[in-house]
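Text of start21.cif (mmCIF, C-alpha atoms) as supplied:
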```
data_start
loop_
_atom_site.label_atom_id
_atom_site.label_comp_id
_atom_site.auth_asym_id
_atom_site.auth_seq_id
_atom_site.Cartn_x
_atom_site.Cartn_y
_atom_site.Cartn_z
CA MET A 1399 10.56 59.83 37.90
CA THR A 1400 8.67 57.86 35.23
CA PRO A 1401 5.30 59.40 34.38
CA GLN A 1402 2.32 57.11 34.78
CA THR A 1403 0.94 55.76 31.53
CA LEU A 1404 -2.52 57.15 30.85
CA VAL A 1405 -5.17 54.78 29.54
CA PRO A 1406 -7.52 56.45 27.03
CA GLY A 1407 -10.87 57.12 28.62
CA SER A 1408 -9.54 56.66 32.15
CA ALA A 1409 -10.13 59.16 34.96
CA SER A 1410 -6.47 60.23 34.85
CA ALA A 1411 -6.64 60.85 31.14
CA ARG A 1412 -9.81 62.92 31.56
CA ARG A 1413 -8.15 65.03 34.26
CA THR A 1414 -5.15 65.87 32.07
CA ARG A 1415 -7.06 66.37 28.82
CA PRO A 1416 -6.65 69.96 27.58
CA LEU A 1417 -9.72 72.13 28.12
CA GLY A 1418 -11.19 74.64 25.74
CA GLY A 1419 -9.34 73.34 22.69
CA GLY A 1420 -5.95 73.17 24.35
CA PRO A 1421 -3.05 74.51 22.27
CA LEU A 1422 -5.30 75.97 19.56
CA ALA A 1423 -7.28 77.98 22.11
CA LEU A 1424 -4.05 79.18 23.72
CA ALA A 1425 -2.66 80.23 20.33
CA ALA A 1426 -5.84 82.13 19.51
CA GLY A 1427 -5.79 83.78 22.94
CA TRP A 1428 -2.16 84.75 22.55
CA LEU A 1429 -2.76 86.34 19.14
CA ALA A 1430 -5.81 88.26 20.36
CA THR A 1431 -4.28 89.55 23.59
CA ARG A 1432 -0.96 90.48 22.03
CA ALA A 1433 -2.73 92.35 19.26
CA GLY A 1434 -4.49 94.32 21.97
CA MET A 1435 -1.19 95.03 23.72
CA LEU A 1436 0.32 96.23 20.44
CA PHE A 1437 -2.66 98.51 19.87
CA LEU A 1438 -2.21 100.06 23.31
CA LEU A 1439 1.52 100.48 22.67
CA THR A 1440 0.96 102.34 19.42
CA HIS A 1441 -1.81 104.47 20.95
CA SER A 1442 -0.14 105.14 24.29
CA GLY A 1443 -0.10 108.90 23.76
CA SER A 1444 -3.48 109.25 25.42
CA VAL A 1445 -3.86 110.86 28.81
CA LEU A 1446 -5.26 107.61 30.21
CA LEU A 1447 -2.15 105.63 29.38
CA GLY A 1448 0.43 108.08 30.59
CA SER A 1449 1.25 110.21 27.53
CA GLY A 1450 3.50 107.62 25.95
CA GLY A 1451 5.84 107.42 28.95
CA VAL A 1452 5.79 103.63 28.94
CA SER A 1453 7.42 103.40 25.50
CA ARG A 1454 9.69 106.42 25.92
CA GLU A 1455 12.30 104.28 27.64
CA VAL A 1456 12.79 102.16 24.51
CA HIS A 1457 12.71 105.10 22.11
CA HIS A 1458 15.29 107.16 23.94
CA LEU A 1459 17.13 105.27 26.67
CA TYR A 1460 17.54 101.80 25.18
CA ALA A 1461 18.28 103.21 21.72
CA ARG A 1462 20.97 105.50 23.16
CA TRP A 1463 22.57 102.63 25.03
CA ALA A 1464 22.50 100.50 21.88
CA GLY A 1465 24.51 103.20 20.10
CA GLN A 1466 27.16 103.13 22.81
CA LEU A 1467 27.22 99.33 22.84
CA GLY A 1468 27.64 99.37 19.07
CA ASP A 1469 30.82 101.38 19.63
CA GLY A 1470 32.15 98.62 21.88
CA THR A 1471 31.62 100.16 25.32
CA PHE A 1472 29.11 99.90 28.11
CA PRO A 1473 27.60 103.21 29.27
CA VAL A 1474 30.12 105.17 31.33
CA GLY A 1475 29.09 107.54 34.11
CA ASP A 1476 25.41 106.92 33.36
CA ALA A 1477 23.36 106.73 36.57
CA LEU A 1478 20.59 104.90 34.72
CA TRP A 1479 22.82 101.98 33.65
CA GLN A 1480 22.35 99.49 36.49
CA TYR A 1481 22.27 96.16 34.67
CA PRO A 1482 24.76 93.28 34.52
CA PRO A 1483 26.92 92.99 31.39
CA GLY A 1484 24.64 90.40 29.80
CA ALA A 1485 22.05 93.12 29.28
CA GLY A 1486 24.34 94.65 26.66
CA PRO A 1487 23.78 92.07 23.90
CA VAL A 1488 20.02 91.99 24.61
CA LEU A 1489 19.74 95.77 24.18
CA LEU A 1490 22.10 95.81 21.20
CA ALA A 1491 20.23 93.06 19.32
CA PRO A 1492 17.36 95.27 18.02
CA ALA A 1493 19.87 97.63 16.43
CA LEU A 1494 21.16 94.70 14.36
CA VAL A 1495 17.76 93.76 12.89
CA PRO A 1496 17.55 95.03 9.28
CA TRP A 1497 14.62 96.99 7.81
CA LEU A 1498 13.17 97.90 11.21
CA THR A 1499 13.64 100.86 13.50
CA TYR A 1500 15.14 100.16 16.90
CA PHE A 1501 11.73 100.43 18.56
CA GLU A 1502 10.03 98.12 16.04
CA ALA A 1503 12.79 95.53 16.33
CA PHE A 1504 12.74 95.68 20.13
CA VAL A 1505 9.00 95.02 20.24
CA ALA A 1506 9.31 92.23 17.66
CA LEU A 1507 12.04 90.49 19.67
CA THR A 1508 10.01 90.89 22.86
CA LEU A 1509 7.01 89.27 21.20
CA LEU A 1510 9.27 86.47 19.99
CA ALA A 1511 10.47 85.85 23.54
CA ASP A 1512 6.84 85.95 24.72
CA ALA A 1513 5.89 83.36 22.11
CA ILE A 1514 8.79 81.13 23.18
CA VAL A 1515 7.62 81.27 26.81
CA THR A 1516 4.08 80.41 25.73
CA ALA A 1517 5.27 77.50 23.59
CA ALA A 1518 7.50 76.15 26.36
CA LEU A 1519 4.69 76.29 28.93
CA THR A 1520 2.27 74.67 26.48
CA ARG A 1521 4.70 71.87 25.66
CA ALA A 1522 5.30 71.23 29.36
CA GLY A 1523 1.57 71.25 30.04
CA LEU A 1524 0.89 68.60 27.39
CA ARG A 1525 3.15 66.05 29.03
CA PRO A 1526 1.44 63.16 30.87
CA GLY A 1527 0.30 64.19 34.32
CA ARG A 1528 0.79 67.90 33.62
CA THR A 1529 -1.64 70.75 33.00
CA LEU A 1530 -2.02 73.66 30.61
CA GLY A 1531 -2.91 75.95 33.51
CA GLY A 1532 0.54 77.54 33.43
CA ALA A 1533 0.32 78.45 29.76
CA ALA A 1534 -3.20 79.80 30.29
CA LEU A 1535 -2.03 81.98 33.18
CA TRP A 1536 0.81 83.45 31.13
CA VAL A 1537 -1.36 84.11 28.07
CA CYS A 1538 -4.22 85.69 30.03
CA ALA A 1539 -2.42 87.44 32.91
CA LEU A 1540 0.46 89.17 31.12
CA PRO A 1541 -1.95 91.57 29.32
CA LEU A 1542 -3.08 92.77 32.75
CA LEU A 1543 0.06 94.91 32.60
CA LEU A 1544 -1.31 96.47 29.39
CA HIS A 1545 1.50 97.32 26.95
CA LEU A 1546 4.25 97.63 29.58
CA PRO A 1547 5.79 94.16 28.94
CA LEU A 1548 6.40 95.09 25.30
CA ALA A 1549 8.38 98.18 26.30
CA ARG A 1550 10.76 96.51 28.78
CA TYR A 1551 13.14 93.62 28.34
CA ASP A 1552 11.87 91.64 31.33
CA VAL A 1553 10.02 89.18 29.07
CA GLN A 1554 13.37 88.16 27.58
CA VAL A 1555 14.85 87.63 31.02
CA THR A 1556 11.81 85.65 32.13
CA ALA A 1557 12.21 83.44 29.07
CA PHE A 1558 15.64 82.33 30.32
CA ALA A 1559 14.21 81.51 33.76
CA VAL A 1560 11.20 79.63 32.40
CA ALA A 1561 13.38 77.63 30.01
CA GLY A 1562 15.87 76.85 32.78
CA LEU A 1563 13.21 75.47 35.09
CA LEU A 1564 11.46 73.41 32.42
CA VAL A 1565 14.59 71.84 30.90
CA ALA A 1566 16.34 71.14 34.21
CA GLU A 1567 14.14 68.13 34.89
CA ARG A 1568 15.63 66.40 31.86
CA SER A 1569 19.06 68.05 31.80
CA ALA A 1570 20.40 69.72 34.92
CA ARG A 1571 23.30 71.15 32.94
CA ALA A 1572 20.98 72.81 30.43
CA GLY A 1573 19.01 74.30 33.30
CA GLY A 1574 22.21 75.71 34.78
CA VAL A 1575 23.21 77.24 31.45
CA CYS A 1576 19.83 78.98 31.08
CA ALA A 1577 20.01 80.26 34.66
CA ALA A 1578 23.48 81.70 34.06
CA LEU A 1579 22.43 83.40 30.83
CA GLY A 1580 19.44 84.95 32.57
CA ALA A 1581 21.50 86.04 35.58
CA ALA A 1582 23.97 87.74 33.25
CA VAL A 1583 21.10 89.90 31.95
CA LYS A 1584 19.34 90.51 35.28
CA LEU A 1585 20.58 88.82 38.41
CA TRP A 1586 17.38 87.22 39.69
CA PRO A 1587 17.28 84.13 37.37
CA ALA A 1588 20.17 82.69 39.42
CA LEU A 1589 17.55 82.00 42.09
CA ILE A 1590 15.88 79.29 39.98
CA LEU A 1591 18.72 76.94 40.92
CA LEU A 1592 17.79 77.06 44.60
CA GLY A 1593 15.34 74.17 44.36
CA THR A 1594 17.40 71.74 42.31
CA PRO A 1595 17.34 68.27 43.92
CA ARG A 1596 20.27 67.41 46.11
CA GLY A 1597 23.19 65.38 44.85
CA ARG A 1598 24.15 65.02 41.22
CA PRO A 1599 21.46 67.37 39.76
CA THR A 1600 22.60 70.22 42.01
CA ARG A 1601 26.28 69.65 41.25
CA ARG A 1602 25.65 69.52 37.51
CA ALA A 1603 23.33 72.54 37.40
CA TRP A 1604 25.42 74.78 39.64
CA THR A 1605 28.67 73.81 37.93
CA ALA A 1606 27.22 74.46 34.48
CA ALA A 1607 25.91 77.83 35.68
CA ALA A 1608 29.27 78.82 37.15
CA VAL A 1609 31.21 77.81 34.03
CA THR A 1610 28.72 79.47 31.66
CA GLY A 1611 28.61 82.65 33.70
CA GLY A 1612 32.40 82.86 33.94
CA LEU A 1613 32.94 82.30 30.23
CA LEU A 1614 30.24 84.81 29.33
CA LEU A 1615 31.73 87.50 31.56
CA ILE A 1616 35.17 86.93 30.06
CA LEU A 1617 33.74 87.15 26.55
CA LEU A 1618 31.89 90.39 27.33
CA ALA A 1619 34.96 91.88 29.02
CA VAL A 1620 36.93 91.21 25.85
CA ALA A 1621 34.23 92.51 23.49
CA PHE A 1622 33.22 95.64 25.44
CA ARG A 1623 34.87 98.23 27.63
CA ASN A 1624 33.72 99.12 31.17
CA PRO A 1625 31.60 95.98 31.84
CA GLN A 1626 31.63 96.51 35.63
CA GLY A 1627 30.32 100.07 35.62
CA PHE A 1628 26.80 99.03 36.66
CA LEU A 1629 27.94 98.07 40.17
CA ARG A 1630 28.59 101.64 41.26
CA GLU A 1631 25.21 102.92 40.09
CA GLN A 1632 23.21 100.00 41.49
CA GLY A 1633 24.67 100.41 44.96
CA ALA A 1634 23.68 104.08 45.13
CA ARG A 1635 19.96 103.49 44.64
CA GLY A 1636 17.54 104.78 47.26
CA VAL A 1637 13.96 103.89 48.19
CA GLN A 1638 11.58 103.79 45.24
CA ILE A 1639 8.06 105.05 45.95
CA GLU A 1640 6.53 101.72 44.87
CA SER A 1641 8.59 99.59 47.26
CA LEU A 1642 7.42 98.35 50.62
CA GLY A 1643 9.57 100.96 52.35
CA GLY A 1644 8.29 103.59 49.96
CA THR A 1645 4.73 102.75 50.94
CA LEU A 1646 5.57 103.42 54.58
CA LEU A 1647 7.27 106.71 53.70
CA GLY A 1648 4.28 107.75 51.61
CA LEU A 1649 2.02 107.23 54.62
CA ALA A 1650 4.55 109.08 56.79
CA ARG A 1651 4.08 112.18 54.61
CA HIS A 1652 0.51 112.38 55.89
CA ALA A 1653 1.88 112.32 59.44
CA GLY A 1654 4.16 115.29 58.80
CA TRP A 1655 7.32 113.64 57.45
CA PRO A 1656 9.08 116.34 55.38
CA GLY A 1657 10.50 114.11 52.62
CA THR A 1658 9.94 114.69 48.91
CA VAL A 1659 9.91 112.63 45.71
CA ARG A 1660 12.66 113.03 43.12
CA TYR A 1661 13.53 111.28 39.86
CA ARG A 1662 16.80 109.43 40.54
CA TYR A 1663 18.48 106.40 38.96
CA GLY A 1664 15.63 105.86 36.53
CA ALA A 1665 12.83 105.82 39.12
CA MET A 1666 10.85 108.07 41.41
CA GLU A 1667 12.52 107.87 44.83
CA PHE A 1668 11.95 109.40 48.22
CA VAL A 1669 14.50 111.94 49.44
CA GLY A 1670 14.66 113.18 53.02
CA PRO A 1671 15.46 112.22 56.61
CA GLN A 1672 15.32 108.53 57.57
CA VAL A 1673 15.36 107.40 53.93
CA ASP A 1674 18.81 105.87 54.39
CA THR A 1675 17.52 103.99 57.42
CA VAL A 1676 14.58 102.59 55.46
CA ALA A 1677 16.97 101.55 52.67
CA ALA A 1678 19.24 99.82 55.22
CA VAL A 1679 16.27 97.96 56.71
CA SER A 1680 15.27 96.81 53.22
CA LEU A 1681 18.77 95.47 52.59
CA ALA A 1682 18.71 93.72 55.97
CA LEU A 1683 15.38 92.11 55.14
CA THR A 1684 16.78 90.94 51.79
CA ALA A 1685 19.74 89.38 53.59
CA ALA A 1686 17.36 87.72 56.05
CA ALA A 1687 15.37 86.34 53.11
CA GLY A 1688 18.56 84.78 51.76
CA VAL A 1689 19.28 83.16 55.11
CA LEU A 1690 15.70 81.85 55.31
CA LEU A 1691 16.03 80.23 51.90
CA LEU A 1692 19.30 78.57 52.90
CA VAL A 1693 17.67 77.26 56.07
CA TRP A 1694 14.80 75.90 54.00
CA ARG A 1695 17.11 74.10 51.62
CA ALA A 1696 19.13 72.61 54.46
CA GLY A 1697 15.98 71.25 56.12
CA ALA A 1698 14.01 70.19 53.03
CA ARG A 1699 13.64 66.43 52.69
CA ARG A 1700 10.84 65.84 50.19
CA TRP A 1701 11.33 66.69 46.53
CA THR A 1702 8.74 66.39 43.79
CA GLU A 1703 8.78 67.49 40.16
CA ALA A 1704 7.24 70.80 41.30
CA THR A 1705 9.67 71.60 44.13
CA PRO A 1706 12.22 73.45 41.92
CA TYR A 1707 9.37 75.52 40.44
CA ASP A 1708 7.87 76.32 43.84
CA ALA A 1709 11.25 77.22 45.35
CA ALA A 1710 12.04 79.56 42.45
CA LEU A 1711 8.75 81.45 42.84
CA CYS A 1712 9.19 81.69 46.62
CA ALA A 1713 12.78 82.93 46.32
CA VAL A 1714 11.98 85.64 43.77
CA LEU A 1715 8.95 86.73 45.81
CA LEU A 1716 11.12 87.09 48.91
CA PHE A 1717 13.79 89.12 47.16
CA THR A 1718 11.25 91.24 45.26
CA THR A 1719 9.11 92.11 48.26
CA THR A 1720 12.07 93.09 50.45
CA SER A 1721 13.80 95.11 47.71
CA ARG A 1722 14.28 98.87 47.75
CA VAL A 1723 12.76 98.89 44.26
CA ILE A 1724 9.57 97.17 43.08
CA SER A 1725 9.00 98.33 39.54
CA PRO A 1726 5.78 97.22 37.81
CA GLN A 1727 7.70 95.12 35.28
CA TYR A 1728 8.91 92.92 38.14
CA LEU A 1729 5.44 91.36 38.02
CA VAL A 1730 6.44 89.86 34.65
CA TRP A 1731 9.00 87.71 36.50
CA LEU A 1732 6.47 86.55 39.06
CA LEU A 1733 3.86 85.72 36.42
CA GLY A 1734 6.39 83.62 34.50
CA LEU A 1735 7.45 81.66 37.57
CA ALA A 1736 3.85 81.23 38.75
CA ALA A 1737 3.01 79.89 35.30
CA VAL A 1738 5.78 77.31 35.53
CA CYS A 1739 4.40 76.19 38.91
CA LEU A 1740 0.95 75.70 37.40
CA THR A 1741 2.25 73.30 34.76
CA SER A 1742 2.39 70.67 37.54
CA HIS A 1743 -0.54 69.21 39.49
CA ARG A 1744 1.83 68.76 42.44
CA THR A 1745 2.66 72.42 42.97
CA SER A 1746 2.05 73.93 46.38
CA GLN A 1747 1.82 77.45 44.97
CA ARG A 1748 -1.61 77.52 43.34
CA PRO A 1749 -3.14 80.09 45.75
CA VAL A 1750 0.09 82.07 45.58
CA ALA A 1751 -0.29 82.33 41.81
CA ALA A 1752 -3.79 83.77 42.31
CA LEU A 1753 -2.41 86.46 44.63
CA VAL A 1754 0.30 87.31 42.09
CA VAL A 1755 -2.33 87.78 39.39
CA LEU A 1756 -4.31 90.10 41.69
CA ALA A 1757 -1.16 92.09 42.50
CA THR A 1758 -0.49 92.38 38.76
CA ALA A 1759 -3.92 93.87 38.13
CA VAL A 1760 -3.46 96.43 40.91
CA SER A 1761 0.03 97.29 39.60
CA THR A 1762 -1.52 98.45 36.35
CA VAL A 1763 -3.76 100.86 38.24
CA VAL A 1764 -0.66 102.10 40.06
CA TYR A 1765 1.30 102.53 36.82
CA PRO A 1766 0.52 103.96 34.38
CA LEU A 1767 -3.13 104.71 35.15
CA LEU A 1768 -2.94 106.57 38.49
CA TYR A 1769 0.79 107.04 38.89
CA ALA A 1770 0.42 110.76 39.60
CA GLU A 1771 -1.54 109.87 42.73
CA VAL A 1772 1.25 107.56 43.88
CA VAL A 1773 3.93 110.20 43.24
CA ALA A 1774 1.92 112.75 45.22
CA SER A 1775 1.38 110.22 48.06
CA SER A 1776 -2.32 111.09 48.05
CA TRP A 1777 -4.66 108.90 50.05
CA THR A 1778 -5.69 107.21 46.81
CA GLY A 1779 -2.07 106.54 45.92
CA CYS A 1780 -1.26 105.26 49.39
CA LEU A 1781 -4.29 102.95 49.34
CA LEU A 1782 -3.23 101.57 45.97
CA MET A 1783 0.29 100.89 47.21
CA LEU A 1784 -1.00 99.31 50.44
CA THR A 1785 -3.18 97.02 48.36
CA ARG A 1786 -0.55 96.03 45.81
CA ASN A 1787 2.27 95.56 48.30
CA GLY A 1788 -0.08 93.93 50.81
CA LEU A 1789 -0.92 91.33 48.16
CA LEU A 1790 2.78 90.78 47.50
CA VAL A 1791 3.53 90.38 51.22
CA ALA A 1792 0.64 87.94 51.59
CA ALA A 1793 1.82 85.98 48.54
CA THR A 1794 5.37 85.86 49.90
CA ALA A 1795 4.35 84.65 53.35
CA LEU A 1796 1.94 82.07 51.92
CA SER A 1797 4.52 80.88 49.41
CA ALA A 1798 7.19 80.36 52.07
CA ARG A 1799 4.76 78.58 54.39
CA ARG A 1800 3.44 76.21 51.71
CA LEU A 1801 6.93 75.47 50.37
CA TRP A 1802 8.18 74.73 53.88
CA ARG A 1803 5.28 72.39 54.66
CA ALA A 1804 5.44 70.62 51.30
CA THR A 1805 9.12 69.70 51.67
CA ARG A 1806 9.26 68.69 55.33
CA PRO A 1807 9.41 64.98 56.21
CA PRO A 1808 5.94 63.45 56.52
CA GLY A 1809 6.46 62.60 60.21
CA ALA A 1810 7.35 66.20 61.03
CA ARG A 1811 3.81 67.34 60.31
CA ARG A 1812 1.93 64.66 62.27
CA PRO A 1813 2.02 64.42 66.05
CA PRO A 1814 2.86 61.02 67.51
CA PRO A 1815 -0.18 58.89 68.41
CA PRO A 1816 -1.25 59.12 72.05
CA ALA A 1817 -0.03 56.41 74.38
CA PRO A 1818 -2.73 53.83 75.22
CA ASP A 1819 -4.34 54.00 78.63
CA ALA A 1820 -2.75 51.44 80.89
CA HIS A 1821 -6.18 50.61 82.39
CA GLU A 1822 -7.93 50.23 79.05
CA THR A 1823 -8.06 46.89 77.34
CA PRO A 1824 -7.88 47.40 73.59
CA ARG A 1825 -10.69 45.87 71.63
CA SER A 1826 -9.75 43.29 69.10
CA VAL A 1827 -10.78 44.06 65.55
CA PRO A 1828 -11.00 41.30 62.95
CA TRP A 1829 -8.38 41.70 60.21
CA ASN A 1830 -11.01 41.70 57.51
CA SER A 1831 -13.34 44.12 59.29
CA ARG A 1832 -14.40 47.21 57.34
CA ALA A 1833 -14.57 49.22 60.53
CA THR A 1834 -11.77 51.65 61.13
CA PRO A 1835 -10.07 50.94 64.47
CA ARG A 1836 -9.77 53.87 66.84
#
```

Rendering of file as structure tokens:
Amino acid sequence: MTPQTLVPGSASARRTRPLGGGPLALAAGWLATRAGMLFLLTHSGSVLLGSGGVSREVHHLYARWAGQLGDGTFPVGDALWQYPPGAGPVLLAPALVPWLTYFEAFVALTLLADAIVTAALTRAGLRPGRTLGGAALWVCALPLLLHLPLARYDVQVTAFAVAGLLVAERSARAGGVCAALGAAVKLWPALILLGTPRGRPTRRAWTAAAVTGGLLLILLAVAFRNPQGFLREQGARGVQIESLGGTLLGLARHAGWPGTVRYRYGAMEFVGPQVDTVAAVSLALTAAAGVLLLVWRAGARRWTEATPYDAALCAVLLFTTTSRVISPQYLVWLLGLAAVCLTSHRTSQRPVAALVVLATAVSTVVYPLLYAEVVASSWTGCLLMLTRNGLLVAATALSARRLWRATRPPGARRPPPPAPDAHETPRSVPWNSRATPR
């Protein structure tokens, strides 16, 4: 697709002209908001921010894993290790940065990945016919999660997905490589390939992803011991209290359900009767989401520059909402994909992005601000979870509906014109008449 040439001073040029100073304003906003996030991270010992629990994972868990990875082995028999082998190099990298502690290096590398995402979205938004709305969303909405993004490695994973979507338009192979690298760290970036246009782009992207993923797994299997250990721990996970199923169980406690909350597999999970059933239903819904996406792809006929972006956001929303686990850092993924959608004027996901931003804001109230209420399944905690997960469900349903309608053939959305009355003589309308014939 050749972008339309913009004539200076034309209406099209005015519509695509950066607002508020463009890249300079975005850079200033990024510096200001990230400084605020760093301040919160270094002062997270307050009662309001959860007594430093947000950063404890990096200080203790990630640093311990890095020590094991430095010895050439993935964690063995560790119920908290539930990540694909590609997570190993990402978590080991901060230990290799000189002159910095592990925590300082981890935060620095996370900020670097954040800056790369911002730069990529800005560069995409400056192209003819594009918009800086995506970069603005990422810069302004990520701080809604306070300092949490700096203490998890989901920003790095999101960087692979964002890069894969943005480069695939020019090089399907490069998009496939980025998707494979991201999927090796956390599985969900593989979903960004769902919306690649049919034919040669799909073959090139999917082949490049398969080859890259295979070679990377072989390399990691040679470099480290026990690369497949995460599979056993991941399959044993239960129902996290912040998931959709967990919300229902939290409400059930007020109706007399005898279950309790216990720290398991790195999260607060429900334990008690019917929990296995809820987990099975969640897995069934996830499988149904996969089938729905395959049906969509088989029936989709219209592709635009924004279709791969929209499909990626819809797919990750479906799999996130139906999951047994919805951790607050998962919102980082959704913000990144929503931002990519908003780089294009032709996206169908603009209202979906607004719902994702609202869900992100509520997630911060859930964790870390009022997490004790959620753990106790108080009415306040249940209301918060109903609101956050209700927004996610609404965003998922709206995303699927708008994606489906945007990619159906034009004739499939318009009913055929009514047959003319056999007793009615049509009026003749001059060919040059300005009247619209009925």

Expansion of the PyMOL selection byres ((chain A and resi 1641-1643) around 6) into residues, as number ranges by chain: A: 1638-1640, 1644-1646, 1722-1724

Grab the residues selected above and save them as a PDB file, in the frame of the given file with C-alpha atoms.
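For reference, again.pdb as written:
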```pdb
ATOM      1  CA  GLN A1638      11.580 103.790  45.240  1.00  0.00           C
ATOM      2  CA  ILE A1639       8.060 105.050  45.950  1.00  0.00           C
ATOM      3  CA  GLU A1640       6.530 101.720  44.870  1.00  0.00           C
ATOM      4  CA  GLY A1644       8.290 103.590  49.960  1.00  0.00           C
ATOM      5  CA  THR A1645       4.730 102.750  50.940  1.00  0.00           C
ATOM      6  CA  LEU A1646       5.570 103.420  54.580  1.00  0.00           C
ATOM      7  CA  ARG A1722      14.280  98.870  47.750  1.00  0.00           C
ATOM      8  CA  VAL A1723      12.760  98.890  44.260  1.00  0.00           C
ATOM      9  CA  ILE A1724       9.570  97.170  43.080  1.00  0.00           C
TER      10      ILE A1724
END
```

Selected residue of minimal separation from Ile1514 in chain A among A:Gly1779, A:Pro1671, A:Gly1734, A:Pro1726, counting only C-alpha atoms: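 The shortest atom-to-atom distance to Ile1514 in chain A comes from A:Gly1734.
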
Chain and number of each residue from the PyMOL selection byres ((chain A and resi 1580) around 12), as a PyMOL selection string: chain A and resi 1481-1485+1488+1551-1563+1573-1579+1581-1591+1607+1610-1611+1614+1731

Hits of the PyMOL selection byres ((chain A and resi 1760) around 9) in this structure, as a ChimeraX atom specification: /A:1542,1755-1759,1761-1765,1782-1783,1785-1786

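CA of Thr1520 in chain A lies 26.9 Å from CA of Pro1492 in chain A.
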
From A:Val1505, A:Ala1736, A:Val1609, A:Val1537, residue lying nearest Ala1704 in chain A [only C-alpha atoms]: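 Between A:Val1505, A:Ala1736, A:Val1609, A:Val1537, the residue approaching Ala1704 in chain A most closely is A:Ala1736.
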
Computed interatomic separation between CA of Ala1752 in chain A and CA of Val1791 in chain A (Å):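 Atom-to-atom, CA of Ala1752 in chain A to CA of Val1791 in chain A, that is 13.3 Å.
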
Box for range 1455-1462 of chain A: with edges along x, y and z, all listed atoms inside and 5 Å added on each side, what are the centre and edge lengths in Å to one decimal, as lines of an AutoDock Vina configuration file?
```
center_x = 16.6
center_y = 104.5
center_z = 24.7
size_x = 18.7
size_y = 15.4
size_z = 15.9
```

Long-range neighbours of Phe1628 in chain A as number ranges by chain, 12 Å cut-off, all atoms listed in the file, 2 positions minimum in chain: A: 1472-1486, 1583-1584, 1624-1626, 1630-1635, 1663

Residue neighbourhood Gly1532 in chain A, 6 Å, all atoms listed in the file, exclusion window fewer than 2 positions, as a ChimeraX atom specification: /A:1530,1534-1535,1737-1738,1740-1741

Length of the CA of Leu1690 in chain A to CA of Leu1592 in chain A vector [Å]: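 Going from CA of Leu1690 in chain A over to CA of Leu1592 in chain A, I get 11.9 Å.
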
Could you pull the residues within 7 Å of Pro1541 in chain A, counting all atoms listed in the file, minus those fewer than 3 positions along the same chain, as a compact mmCIF listing (two decimals) with C-alpha atoms, keeping the file's coordinate frame?
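Printed below is part_33.txt as written:
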```
# COMPACT_ATOMS: atom_id res chain seq x y z
CA THR A 1431 -4.28 89.55 23.59
CA MET A 1435 -1.19 95.03 23.72
CA CYS A 1538 -4.22 85.69 30.03
CA LEU A 1544 -1.31 96.47 29.39
```

Might you pull out every residue within 6 Å of Arg1528 in chain A, with only C-alpha atoms counted and same-chain residues fewer than 2 positions away left off, and present them as a tab-separated table (two decimals) with C-alpha atoms, in the frame of the given file?
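Contents of the output file selection16.tsv:
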```
chain	number	residue	atom	x	y	z
A	1523	GLY	CA	1.57	71.25	30.04
A	1525	ARG	CA	3.15	66.05	29.03
A	1526	PRO	CA	1.44	63.16	30.87
A	1741	THR	CA	2.25	73.30	34.76
A	1742	SER	CA	2.39	70.67	37.54
```

Nearest-residue call for Ala1792 in chain A, choices A:Leu1729, A:Val1456, A:Arg1651, A:Val1754, using all atoms listed in the file: A:Val1754

For Leu1691 in chain A, the nearest of the candidates A:Thr1745, A:Thr1778, A:Ser1797, A:Thr1675, counting all atoms listed in the file: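 Under the stated criterion, the closest residue is A:Ser1797.
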
Residue list as a compact mmCIF listing (two decimals) with C-alpha atoms, in the frame of the given file for point (15.3, 92.5, 48.4), cut-off 12 Å, all atoms listed in the file:
```
# COMPACT_ATOMS: atom_id res chain seq x y z
CA LEU A 1585 20.58 88.82 38.41
CA TRP A 1586 17.38 87.22 39.69
CA VAL A 1637 13.96 103.89 48.19
CA SER A 1641 8.59 99.59 47.26
CA LEU A 1642 7.42 98.35 50.62
CA GLY A 1643 9.57 100.96 52.35
CA ALA A 1677 16.97 101.55 52.67
CA ALA A 1678 19.24 99.82 55.22
CA VAL A 1679 16.27 97.96 56.71
CA SER A 1680 15.27 96.81 53.22
CA LEU A 1681 18.77 95.47 52.59
CA ALA A 1682 18.71 93.72 55.97
CA LEU A 1683 15.38 92.11 55.14
CA THR A 1684 16.78 90.94 51.79
CA ALA A 1685 19.74 89.38 53.59
CA ALA A 1686 17.36 87.72 56.05
CA ALA A 1687 15.37 86.34 53.11
CA GLY A 1688 18.56 84.78 51.76
CA ALA A 1713 12.78 82.93 46.32
CA VAL A 1714 11.98 85.64 43.77
CA LEU A 1715 8.95 86.73 45.81
CA LEU A 1716 11.12 87.09 48.91
CA PHE A 1717 13.79 89.12 47.16
CA THR A 1718 11.25 91.24 45.26
CA THR A 1719 9.11 92.11 48.26
CA THR A 1720 12.07 93.09 50.45
CA SER A 1721 13.80 95.11 47.71
CA ARG A 1722 14.28 98.87 47.75
CA VAL A 1723 12.76 98.89 44.26
CA ILE A 1724 9.57 97.17 43.08
```
